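A short worksheet on the structure shown next.
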Amino acid sequence: EGGGIYGEIDNANRFIITSSNQFISCNSKERGGAMYLNFPNNSTYNFIVGSLILFKENTANECGRDIFFLCSSLNFLDVSHHLLFDLFSPFYDLDNAFYGTEYWTQTELSREPEVDYDLIQRYSSYFADTLYISNLGQIGSDEVSCGKLGIACSSFTYARDKVLTPEWRPQTIQNITDNTPKVIHTYVVVGQMKLLEPLTSEADEVILRGATHDEVDSLSVGYHSKVQFGNKGQIICQDLAKWQEEENEFSDVNGVDQKFTLEFLDFVLPEQMEGKSLILVESSPSNLNRGREVELLIQNCKVSQEPNLINGVHSILFKSEPFLSIREKIIFDNVMSDPDLPDERIQLNNGSLIEINYEPDMIPKENHLQFKNCFFKYIKSTISAWNIRETPGEQPNQVPFGAGSVLTIRNANSKYLHLHFMDCTFECCELNMQVKITEQKQLGIGGALGIYVSNIQLVLEHFRFVDCGVYIGLAGDKAEGRYQTKQKL
């Protein structure tokens, strides 16, 4: 192994070749004709093969004519940032040039380990409309070849630049015919990813889902990949296209009708975030006579909060802003919060897990809002009554102010609203409402649900409420006067 050099590079060593070294006619009976570099488990991968090196007429009977790497993970190795010589020079032969083998197991890598792998593949640019993402170090790495199954990108930002089919623009939308194929972008999360920027799109369909057991053997059947959120991270669905939001010369050109699908994910609520909600649906007034149809399907997903947050979170799962219009359809199907222990509960501050305001005077389409097969357990929300606001355009004093810990729906001026929810369970959910002793408004307080609507037909089919409760805390003029009275209803 290693006809010219055999090197073992652990965390105390580094291997750097920056001068004009030459490896000529070196031979290995197995791997690594010129070099065989072994990186033990504790290695920091501190190595550089510089631009002045020369490989010529080396041979290896098995693979890796010039260099062979033995390492725990090729993602840690990151060859494109350590081999600085010109691989694509017309004078350099890429055939059998440098290879590598991973010694970590399938369990450690969350995929099959690579054996005698041609590392030239790591220099081939990859573009596709289905891209794999993981910020687990042994799985994901931002490099030119990432995005495919087995070589995931580590960041969503990097992966988006590798989409093959571009999103719609106002100029291209005007050329759509019945035969024009849809633009469908799919992002697959392998184990975990973190969203650091808003996810918006002008594609026909956007799918963000967790990888399945069929794709990654190390993932159990039914596994939910985690989606974490940075301060500016948010999933945003809009009925107006980007150019309509910008009020430019294409403002009259509607974006394509859209469908967002979120599936097999565990949404992790952060302590703080700029946009407050992980998922935001933005709507414009229906009387503007512009905008597209938007469908959002949240299916087979979980929601949890970051661990070890004693005071809970100031973020929520879903919010409509400023309201839902007749153009949006929202489906929650098999969404759950199911912590093992009460101490792992979701603890919300001044918000319901799901907050939906409806556009005034709207008559929604059938099944515009669906909750089915959902299970919510151990969700507690503390809300100050003075922070509850009316929906823009709402006539005052039409319906009570209020909230529920899991779901709050508000529409004071609806002409007719039909809601049909089925097969859902709420267990050990709790709302703690802080109320000033000078409060004059009528308040509604729901341990799990708070629905404040006029002209509604509400059907709850196979709904169960188990040990849910509400508390009222009276607050005086001074902060220390809060919680003088607390009563379970």
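By order in the structure tokens, chains are A, B, ...; within a chain, residues start at 1; ligands start at 1, following the order shown.
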Using only C-alpha atoms, what does the table of segment 246-363 of chain A residues within 12 Å of segment 152-174 of chain A look like, with each row giving the shortest atom pair and its distance in Å to one decimal, sorted by chain and ascending number, as a Markdown table?
| residue | atom | partner | partner_atom | distance |
| --- | --- | --- | --- | --- |
| A:Asn248 | CA | A:Pro170 | CA | 10.7 |
| A:Glu249 | CA | A:Pro170 | CA | 9.8 |
| A:Phe250 | CA | A:Pro170 | CA | 6.5 |
| A:Ser251 | CA | A:Pro170 | CA | 9.0 |
| A:Asp252 | CA | A:Pro170 | CA | 9.5 |
| A:Val253 | CA | A:Pro170 | CA | 6.3 |
| A:Asn254 | CA | A:Pro170 | CA | 8.0 |
| A:Gly255 | CA | A:Ile173 | CA | 7.4 |
| A:Val256 | CA | A:Ile173 | CA | 7.5 |
| A:Asp257 | CA | A:Trp168 | CA | 11.1 |
| A:Gln258 | CA | A:Trp168 | CA | 11.3 |
Would you please extract all strand (DSSP E or B) residues from segment 140-278 of chain A, as assigned by DSSP on the backbone, and give them as a compact mmCIF listing (two decimals) with N, CA and C atoms, in the first residue's frame?
# COMPACT_ATOMS: atom_id res chain seq x y z
N GLY A 140 -23.87 15.10 4.92
CA GLY A 140 -23.97 16.23 4.01
C GLY A 140 -22.68 17.02 3.90
N LYS A 148 -27.26 14.54 -4.57
CA LYS A 148 -27.80 13.23 -4.91
C LYS A 148 -27.86 12.36 -3.66
N ILE A 151 -24.73 11.60 -1.42
CA ILE A 151 -23.86 12.78 -1.33
C ILE A 151 -24.78 13.99 -1.17
N ALA A 152 -25.38 14.13 0.00
CA ALA A 152 -26.31 15.23 0.25
C ALA A 152 -25.55 16.55 0.41
N CYS A 153 -26.21 17.64 0.06
CA CYS A 153 -25.69 18.96 0.41
C CYS A 153 -25.92 19.20 1.89
N VAL A 163 -30.73 23.54 -8.42
CA VAL A 163 -31.98 23.17 -9.07
C VAL A 163 -31.80 23.22 -10.58
N ILE A 184 -41.53 21.23 -10.80
CA ILE A 184 -41.68 20.58 -9.50
C ILE A 184 -40.31 20.47 -8.85
N HIS A 185 -40.14 21.10 -7.71
CA HIS A 185 -38.87 21.06 -6.97
C HIS A 185 -39.07 20.27 -5.68
N THR A 186 -38.23 19.29 -5.47
CA THR A 186 -38.32 18.42 -4.29
C THR A 186 -37.03 18.50 -3.50
N TYR A 187 -37.16 18.77 -2.21
CA TYR A 187 -36.00 18.80 -1.31
C TYR A 187 -36.20 17.71 -0.26
N VAL A 188 -35.25 16.80 -0.17
CA VAL A 188 -35.36 15.64 0.71
C VAL A 188 -34.37 15.81 1.87
N VAL A 189 -34.89 15.82 3.08
CA VAL A 189 -34.06 15.99 4.28
C VAL A 189 -33.63 14.61 4.78
N GLN A 192 -31.58 15.49 9.19
CA GLN A 192 -31.72 16.82 9.80
C GLN A 192 -31.24 17.89 8.84
N MET A 193 -31.90 19.05 8.87
CA MET A 193 -31.42 20.23 8.16
C MET A 193 -31.83 21.46 8.95
N LYS A 194 -31.17 22.58 8.65
CA LYS A 194 -31.51 23.85 9.30
C LYS A 194 -31.81 24.88 8.22
N LEU A 195 -32.97 25.51 8.34
CA LEU A 195 -33.38 26.52 7.37
C LEU A 195 -32.97 27.88 7.91
N PRO A 198 -35.66 32.46 4.29
CA PRO A 198 -37.03 32.13 3.90
C PRO A 198 -37.07 31.20 2.69
N LEU A 199 -37.95 30.22 2.75
CA LEU A 199 -38.20 29.34 1.62
C LEU A 199 -39.44 29.85 0.91
N GLU A 205 -44.99 23.21 -8.00
CA GLU A 205 -45.06 22.39 -6.80
C GLU A 205 -43.72 22.45 -6.06
N VAL A 206 -43.81 22.55 -4.75
CA VAL A 206 -42.63 22.50 -3.90
C VAL A 206 -42.87 21.40 -2.87
N ILE A 207 -41.97 20.46 -2.81
CA ILE A 207 -42.07 19.35 -1.86
C ILE A 207 -40.85 19.38 -0.95
N LEU A 208 -41.11 19.47 0.34
CA LEU A 208 -40.05 19.36 1.34
C LEU A 208 -40.42 18.17 2.21
N ARG A 209 -39.62 17.13 2.15
CA ARG A 209 -39.98 15.91 2.87
C ARG A 209 -38.76 15.26 3.49
N GLY A 210 -39.02 14.39 4.45
CA GLY A 210 -37.95 13.62 5.03
C GLY A 210 -37.64 12.40 4.19
N SER A 225 -37.49 13.29 9.74
CA SER A 225 -36.26 14.09 9.73
C SER A 225 -36.53 15.47 10.33
N LYS A 226 -35.59 15.96 11.11
CA LYS A 226 -35.78 17.23 11.81
C LYS A 226 -35.52 18.42 10.88
N VAL A 227 -36.37 19.43 11.01
CA VAL A 227 -36.14 20.71 10.35
C VAL A 227 -36.02 21.77 11.44
N GLN A 228 -34.82 22.32 11.58
CA GLN A 228 -34.58 23.39 12.54
C GLN A 228 -34.58 24.73 11.81
N PHE A 229 -34.79 25.80 12.55
CA PHE A 229 -34.95 27.12 11.94
C PHE A 229 -34.02 28.12 12.59
N GLN A 234 -37.89 30.45 7.50
CA GLN A 234 -39.35 30.38 7.48
C GLN A 234 -39.80 29.79 6.14
N ILE A 235 -40.88 29.01 6.17
CA ILE A 235 -41.51 28.51 4.96
C ILE A 235 -42.69 29.42 4.65
N ILE A 236 -42.67 30.08 3.50
CA ILE A 236 -43.66 31.11 3.17
C ILE A 236 -44.42 30.72 1.90
N CYS A 237 -45.74 30.65 2.01
CA CYS A 237 -46.62 30.43 0.86
C CYS A 237 -47.38 31.73 0.61
N GLN A 238 -47.39 32.21 -0.62
CA GLN A 238 -47.98 33.51 -0.94
C GLN A 238 -48.92 33.39 -2.13
N GLN A 258 -50.13 27.05 -7.07
CA GLN A 258 -49.07 26.32 -6.38
C GLN A 258 -49.60 25.29 -5.41
N LYS A 259 -48.78 24.27 -5.20
CA LYS A 259 -49.01 23.31 -4.13
C LYS A 259 -47.71 23.10 -3.37
N PHE A 260 -47.77 23.31 -2.05
CA PHE A 260 -46.65 23.03 -1.16
C PHE A 260 -46.99 21.75 -0.38
N THR A 261 -46.05 20.81 -0.34
CA THR A 261 -46.24 19.58 0.42
C THR A 261 -45.09 19.44 1.41
N LEU A 262 -45.43 19.29 2.69
CA LEU A 262 -44.46 19.07 3.76
C LEU A 262 -44.78 17.72 4.38
N GLU A 263 -43.81 16.80 4.36
CA GLU A 263 -44.13 15.42 4.74
C GLU A 263 -42.94 14.75 5.41
N LEU A 265 -41.63 15.10 8.38
CA LEU A 265 -40.72 16.06 8.99
C LEU A 265 -41.07 16.26 10.46
N ASP A 266 -40.07 16.60 11.24
CA ASP A 266 -40.25 17.01 12.64
C ASP A 266 -39.85 18.47 12.72
N PHE A 267 -40.84 19.36 12.81
CA PHE A 267 -40.58 20.79 12.88
C PHE A 267 -40.20 21.15 14.31
N VAL A 268 -39.02 21.74 14.47
CA VAL A 268 -38.49 22.05 15.80
C VAL A 268 -38.65 23.55 16.06
N LEU A 269 -39.47 23.90 17.04
CA LEU A 269 -39.71 25.30 17.38
C LEU A 269 -38.49 25.88 18.08
N SER A 277 -43.54 32.48 13.13
CA SER A 277 -44.09 31.18 12.76
C SER A 277 -43.14 30.44 11.82
N LEU A 278 -43.06 29.11 11.98
CA LEU A 278 -42.25 28.31 11.07
C LEU A 278 -42.84 28.31 9.67
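Proximity to Thr105 of chain A was assessed for A:Ser134, A:Ser19, A:Ser218, A:Asn397 counting only C-alpha atoms; the smallest distance is recorded for A:Ser218.
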Using only C-alpha atoms, which protein or nucleic acid residues come within 9 Å of Asn41 of chain A? Drop anything in the same chain fewer than 2 positions from it, and give the result as a VMD selection string.
chain A and resid 10 to 11 39 43 to 44 71 to 72 104
Selected residues, C-alpha atoms, written as a PDB file, in the first residue's frame, please.
ATOM      1  CA  ASP A  10      -4.010  11.700  13.060  1.00  0.00           C
ATOM      2  CA  ASN A  11      -5.103  14.739  15.060  1.00  0.00           C
ATOM      3  CA  PHE A  39      -6.803   9.030   8.404  1.00  0.00           C
ATOM      4  CA  SER A  43      -7.911  12.741  12.444  1.00  0.00           C
ATOM      5  CA  THR A  44      -8.532  16.433  11.798  1.00  0.00           C
ATOM      6  CA  CYS A  71     -10.910   7.568   6.017  1.00  0.00           C
ATOM      7  CA  SER A  72     -14.020   7.460   8.174  1.00  0.00           C
ATOM      8  CA  TRP A 104     -17.182   3.751   9.122  1.00  0.00           C
TER       9      TRP A 104
END
Please tabulate, as JSON lines, the residues of segment 386-436 of chain A that come within 7 Å of segment 442-457 of chain A, each with its closest pair of atoms and the distance in Å to one decimal, counting only C-alpha atoms and ordering rows by chain, then residue number upward.
{"residue": "A:Val399", "atom": "CA", "partner": "A:Tyr452", "partner_atom": "CA", "distance": 6.0}
{"residue": "A:Pro400", "atom": "CA", "partner": "A:Gln442", "partner_atom": "CA", "distance": 5.2}
{"residue": "A:Phe401", "atom": "CA", "partner": "A:Leu443", "partner_atom": "CA", "distance": 4.9}
{"residue": "A:Gly402", "atom": "CA", "partner": "A:Gly444", "partner_atom": "CA", "distance": 4.4}
{"residue": "A:Ala403", "atom": "CA", "partner": "A:Gly450", "partner_atom": "CA", "distance": 4.7}
{"residue": "A:Gly404", "atom": "CA", "partner": "A:Gly450", "partner_atom": "CA", "distance": 4.2}
{"residue": "A:Ser405", "atom": "CA", "partner": "A:Ala448", "partner_atom": "CA", "distance": 4.9}
{"residue": "A:Val406", "atom": "CA", "partner": "A:Ala448", "partner_atom": "CA", "distance": 5.1}
{"residue": "A:Leu407", "atom": "CA", "partner": "A:Leu449", "partner_atom": "CA", "distance": 5.0}
{"residue": "A:Thr408", "atom": "CA", "partner": "A:Gly450", "partner_atom": "CA", "distance": 4.7}
{"residue": "A:Ile409", "atom": "CA", "partner": "A:Ile451", "partner_atom": "CA", "distance": 4.7}
{"residue": "A:Arg410", "atom": "CA", "partner": "A:Tyr452", "partner_atom": "CA", "distance": 4.8}
{"residue": "A:Asn411", "atom": "CA", "partner": "A:Val453", "partner_atom": "CA", "distance": 4.7}
{"residue": "A:Ala412", "atom": "CA", "partner": "A:Val453", "partner_atom": "CA", "distance": 5.3}
{"residue": "A:Asn413", "atom": "CA", "partner": "A:Ser454", "partner_atom": "CA", "distance": 6.3}
{"residue": "A:Ser414", "atom": "CA", "partner": "A:Ser454", "partner_atom": "CA", "distance": 6.0}
{"residue": "A:Lys415", "atom": "CA", "partner": "A:Asn455", "partner_atom": "CA", "distance": 6.2}
{"residue": "A:Tyr416", "atom": "CA", "partner": "A:Asn455", "partner_atom": "CA", "distance": 5.2}
{"residue": "A:Leu417", "atom": "CA", "partner": "A:Ile456", "partner_atom": "CA", "distance": 4.6}
{"residue": "A:His418", "atom": "CA", "partner": "A:Gln457", "partner_atom": "CA", "distance": 4.8}
{"residue": "A:Leu419", "atom": "CA", "partner": "A:Gln457", "partner_atom": "CA", "distance": 6.3}
{"residue": "A:Phe426", "atom": "CA", "partner": "A:Ala448", "partner_atom": "CA", "distance": 6.7}
{"residue": "A:Cys429", "atom": "CA", "partner": "A:Ala448", "partner_atom": "CA", "distance": 5.6}
{"residue": "A:Glu430", "atom": "CA", "partner": "A:Gly447", "partner_atom": "CA", "distance": 4.8}
{"residue": "A:Leu431", "atom": "CA", "partner": "A:Gly447", "partner_atom": "CA", "distance": 4.9}
Take the residues just selected and output them with C-alpha atoms as a short mmCIF file (atom, residue, chain, number, x, y, z; two decimals), in the first residue's frame.
data_model
loop_
_atom_site.label_atom_id
_atom_site.label_comp_id
_atom_site.auth_asym_id
_atom_site.auth_seq_id
_atom_site.Cartn_x
_atom_site.Cartn_y
_atom_site.Cartn_z
CA VAL A 399 -67.12 38.08 18.35
CA PRO A 400 -65.17 37.62 21.60
CA PHE A 401 -61.43 37.93 21.80
CA GLY A 402 -59.68 34.75 22.81
CA ALA A 403 -57.34 31.88 22.03
CA GLY A 404 -56.72 28.16 22.33
CA SER A 405 -53.41 26.52 23.14
CA VAL A 406 -53.27 24.42 19.95
CA LEU A 407 -55.56 26.17 17.47
CA THR A 408 -57.08 29.64 17.27
CA ILE A 409 -59.45 30.55 14.42
CA ARG A 410 -60.89 34.04 14.08
CA ASN A 411 -63.35 35.65 11.64
CA ALA A 412 -65.76 38.25 12.96
CA ASN A 413 -67.43 39.12 9.65
CA SER A 414 -67.82 35.83 7.80
CA LYS A 415 -70.91 35.46 5.65
CA TYR A 416 -70.74 31.69 6.07
CA LEU A 417 -67.97 29.44 7.32
CA HIS A 418 -68.16 25.66 7.26
CA LEU A 419 -65.50 23.73 9.19
CA PHE A 426 -56.09 16.70 22.18
CA CYS A 429 -53.32 20.68 26.54
CA GLU A 430 -53.51 23.84 28.61
CA LEU A 431 -54.09 27.56 28.11
#
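Of all the residues in segment 271-476 of chain A, the ones DSSP labels as helix (DSSP H, G or I) from the backbone are A:Ser286, A:Asn287, A:Leu288, A:Pro342, A:Asp343, A:Glu344, A:Ala385, A:Trp386, A:Asn387.
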Keeping only C-alpha atoms, write the selected residues as a short mmCIF file (atom, residue, chain, number, x, y, z; two decimals), in the first residue's frame.
data_model
loop_
_atom_site.label_atom_id
_atom_site.label_comp_id
_atom_site.auth_asym_id
_atom_site.auth_seq_id
_atom_site.Cartn_x
_atom_site.Cartn_y
_atom_site.Cartn_z
CA SER A 286 -59.78 39.05 -2.65
CA ASN A 287 -61.26 42.25 -4.07
CA LEU A 288 -57.93 43.07 -5.74
CA PRO A 342 -44.71 16.24 30.45
CA ASP A 343 -41.29 17.89 30.90
CA GLU A 344 -40.79 17.60 27.13
CA ALA A 385 -55.22 39.04 26.76
CA TRP A 386 -53.99 42.55 25.95
CA ASN A 387 -51.84 41.12 23.13
#
